[in-house]
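Asks: This is the structure I want to talk about, given as structure tokens.
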Amino acid sequence: ELLKSQISEGLIKGACAIKGSTSGVEEIICCGEADYLRGTPMSVDSVFDIASISKVFGVTTLLLHCRAKNLLDFDEQLGKYLPELSDKATSRITLRQLATHYSGLDNSKPYNKYIGDAAALYKAIFQVEPVTAAGTRFEYSCVNFILLGFVVERLLRQSLKRAAREFVFKPLGMKHSFWGSVPDALHENLVRMYNAEPGVISDESARGLFPAHIAGNAGIFTSGADAALYCRALLM
């Protein structure tokens with residue numbers, strides 16, 4: 001009823017909610033439209049751009065995979081994994097501080113002024129500096145997970161797109177999950193976002209880096225059914 005009331009009030013166009021446990025899916029509620037311009041109804045297989053939830057589904061899961069393989073230490077400094085940071089203060093931030101948003105890096109995104117030039121944008125991300133001392137204050141910041149994404153790529157020696165497919169999506173049976181772009185065959189399933197065309201990454205920074213680079217802060221597309229598989233795995 002809550003979802004239906006939000007649709008009737010014009011707050012959202014559609015939604016998919018799934019209730020379940022370690023035993024499996026118990027209830028599915030899909031209502032409204034996935035794409036109001038095409039009149040496509042919402043379904044459990046509708047593919048959403050999950051924006052910042054990519055930080056969890058993607059980079060966080062891959063970081064834990066790297067830790068399980070003894071490829072990283074969360075209390076090691078970032079400069080060990082990204083030596084091009086050289087002697088910048090950012091190089092002395094630990095992976096744990098980045099992952100928990102205690103890095104001292106704010107969310108002002110000065111690098112976004114280079115959107116339109118992926119190479120310049122990538123380079124500018126490595127120029128960010130903390131505005132407060134690391135470990136002293138919580139501040140949510142997308143660049144934390146962009147940098148962590150670069151770390152994962154170095155450790156696994158492959159792109160986040162390939163790594164997520166190999167170590168997350170495929171093992172969990174997430175057949176409608178992709179990082180960066182969605183296959184043409186599934187375009188009919190795409191949900192229309194308010195700030196981007198269906199199938200286009202909604203986050204500005206991630207969209208600006210793609211396809212030359214995959215940003216760890218956003219850019220994953222997935223369905224309600226696949227999200228349920230991921231959430232069930234967390235409970236196991």
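Every chain in the structure tokens takes a letter, A first, then B, and so on in the order presented; its residues are numbered from 1, and the ligands are numbered from 1 following the presented order.
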Can you pull out every residue from range 53-233 of chain A that DSSP, working from the backbone, puts in alpha helix (DSSP H), and format the result as a ChimeraX atom specification?
Replies: /A:54,61-68,95-99,118-125,142-156,160-164,170-172,204-209,224-233
Asks: Can you pull out every residue within 9 Å of Leu85 in chain A, counting only C-alpha atoms, but drop anything in the same chain fewer than 6 positions away, and send it as a short mmCIF file (atom, residue, chain, number, x, y, z; two decimals) with N, CA, C and O atoms, in the first residue's frame?
Replies:
```
data_model
loop_
_atom_site.label_atom_id
_atom_site.label_comp_id
_atom_site.auth_asym_id
_atom_site.auth_seq_id
_atom_site.Cartn_x
_atom_site.Cartn_y
_atom_site.Cartn_z
N LEU A 78 46.81 3.82 1.44
CA LEU A 78 46.41 3.79 0.03
C LEU A 78 47.62 3.86 -0.90
O LEU A 78 47.62 3.24 -1.97
N GLY A 79 48.64 4.61 -0.51
CA GLY A 79 49.81 4.77 -1.36
C GLY A 79 50.51 3.47 -1.71
O GLY A 79 51.19 3.38 -2.74
N SER A 91 47.72 9.67 0.05
CA SER A 91 48.43 8.39 0.01
C SER A 91 48.51 7.75 1.40
O SER A 91 48.70 6.54 1.52
N PHE A 126 43.15 11.62 -8.96
CA PHE A 126 44.35 11.34 -8.18
C PHE A 126 44.94 12.59 -7.53
O PHE A 126 45.93 12.51 -6.79
N GLN A 127 44.33 13.75 -7.81
CA GLN A 127 44.82 15.00 -7.23
C GLN A 127 44.03 15.42 -5.99
O GLN A 127 44.35 16.43 -5.36
#
```
Asks: Under the rule that only C-alpha atoms are counted, which of A:Gly39, A:Gly149, A:Pro130, A:Gly208 is the nearest residue to Leu82 in chain A?
Replies: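 Smallest distance to Leu82 in chain A is found for A:Gly149.
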Asks: Which residues come within 10 Å of Ile125 in chain A, counting only C-alpha atoms, excluding same-chain residues fewer than 6 positions away, as an MDAnalysis selection string?
Replies: chainID A and resid 109:112 114 143 146:147 205
Asks: Selected residues, N, CA, C and O atoms, written as a compact mmCIF listing (two decimals), in the first residue's frame, please.
Replies:
```
# COMPACT_ATOMS: atom_id res chain seq x y z
N LYS A 109 33.70 16.94 -5.17
CA LYS A 109 33.95 16.45 -6.53
C LYS A 109 34.56 17.51 -7.46
O LYS A 109 34.04 17.78 -8.53
N PRO A 110 35.68 18.09 -7.09
CA PRO A 110 36.30 19.11 -7.97
C PRO A 110 36.72 18.54 -9.33
O PRO A 110 36.81 19.28 -10.31
N TYR A 111 36.98 17.24 -9.38
CA TYR A 111 37.39 16.58 -10.62
C TYR A 111 36.29 16.58 -11.68
O TYR A 111 36.56 16.40 -12.86
N ASN A 112 35.03 16.80 -11.27
CA ASN A 112 33.93 16.75 -12.23
C ASN A 112 33.99 17.87 -13.26
O ASN A 112 33.31 17.81 -14.28
N TYR A 114 36.19 18.21 -15.23
CA TYR A 114 36.82 17.61 -16.41
C TYR A 114 35.91 16.61 -17.12
O TYR A 114 36.36 15.89 -18.02
N VAL A 143 34.37 9.79 -3.90
CA VAL A 143 35.75 9.54 -4.33
C VAL A 143 36.41 8.44 -3.51
O VAL A 143 37.35 7.77 -3.98
N ILE A 146 35.66 5.46 -5.52
CA ILE A 146 36.33 5.50 -6.82
C ILE A 146 37.77 5.04 -6.64
O ILE A 146 38.28 4.20 -7.41
N LEU A 147 38.44 5.56 -5.62
CA LEU A 147 39.83 5.16 -5.35
C LEU A 147 39.92 3.69 -4.95
O LEU A 147 40.82 2.98 -5.40
N SER A 205 30.08 11.41 -12.46
CA SER A 205 31.49 11.02 -12.45
C SER A 205 31.69 9.68 -13.13
O SER A 205 32.59 9.52 -13.97
```
Asks: Using only C-alpha atoms, find the one residue out of A:Val25, A:Ala124, A:Leu148, A:Ala196 that sits nearest to Leu64 in chain A.
Replies: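 Of all the options, A:Leu148 lies closest to Leu64 in chain A.
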Asks: Taking only C-alpha atoms into account, name the residue in A:Ala68, A:Val168, A:Ala225, A:Cys30 that is nearest to Glu1 in chain A.
Replies: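 Under the stated criterion, the closest residue is A:Cys30.
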Asks: I'd like to know which of A:Lys88, A:Arg162, A:Arg67, A:His176 is closest to Leu229 in chain A, using only C-alpha atoms.
Replies: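 Using only C-alpha atoms, Leu229 in chain A sits closest to A:His176.
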Asks: Restricting the calculation to only C-alpha atoms: of A:Met236, A:Ile93, A:Ala15, A:Leu98, which residue gets closest to Val47 in chain A?
Replies: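 Going through A:Met236, A:Ile93, A:Ala15, A:Leu98 one by one, the smallest distance to Val47 in chain A is for A:Ala15.
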Asks: Grab the CA of Ile220 in chain A to CA of Arg92 in chain A distance for me, in Å with one decimal place.
Replies: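 Going from CA of Ile220 in chain A over to CA of Arg92 in chain A, I get 28.9 Å.
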Asks: Would you list, as a ChimeraX atom specification, the residues of range 22-236 of chain A that end up in strand (DSSP E) under DSSP run on this structure's backbone?
Replies: /A:24-35,40-41,47-49,178-179,220-223
Asks: As a VMD selection string, please: the residues near Leu235 in chain A (cut-off 12 Å, only C-alpha atoms, same-chain neighbours under 5 positions excluded).
Replies: chain A and resid 20 to 24 228 to 230
Asks: Please write the residues from the selection above to a file, keeping N, CA and C atoms, as a compact mmCIF listing (two decimals), in the first residue's frame.
Replies:
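out-v4.txt, freshly written:
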```txt
# COMPACT_ATOMS: atom_id res chain seq x y z
N GLY A 20 12.13 -11.74 1.65
CA GLY A 20 12.65 -13.09 1.66
C GLY A 20 13.54 -13.37 2.84
N SER A 21 14.09 -14.56 2.86
CA SER A 21 14.98 -14.99 3.93
C SER A 21 16.00 -15.95 3.33
N THR A 22 16.76 -16.62 4.17
CA THR A 22 17.72 -17.59 3.67
C THR A 22 17.03 -18.75 2.95
N SER A 23 15.76 -18.93 3.23
CA SER A 23 15.00 -20.02 2.59
C SER A 23 14.55 -19.68 1.18
N GLY A 24 14.54 -18.40 0.84
CA GLY A 24 14.12 -17.99 -0.49
C GLY A 24 13.17 -16.81 -0.46
N ALA A 228 17.74 -9.58 -4.87
CA ALA A 228 17.29 -10.54 -3.85
C ALA A 228 18.31 -11.66 -3.68
N LEU A 229 18.90 -12.11 -4.77
CA LEU A 229 19.92 -13.15 -4.69
C LEU A 229 21.13 -12.65 -3.90
N TYR A 230 21.53 -11.42 -4.16
CA TYR A 230 22.67 -10.84 -3.44
C TYR A 230 22.35 -10.71 -1.95
```
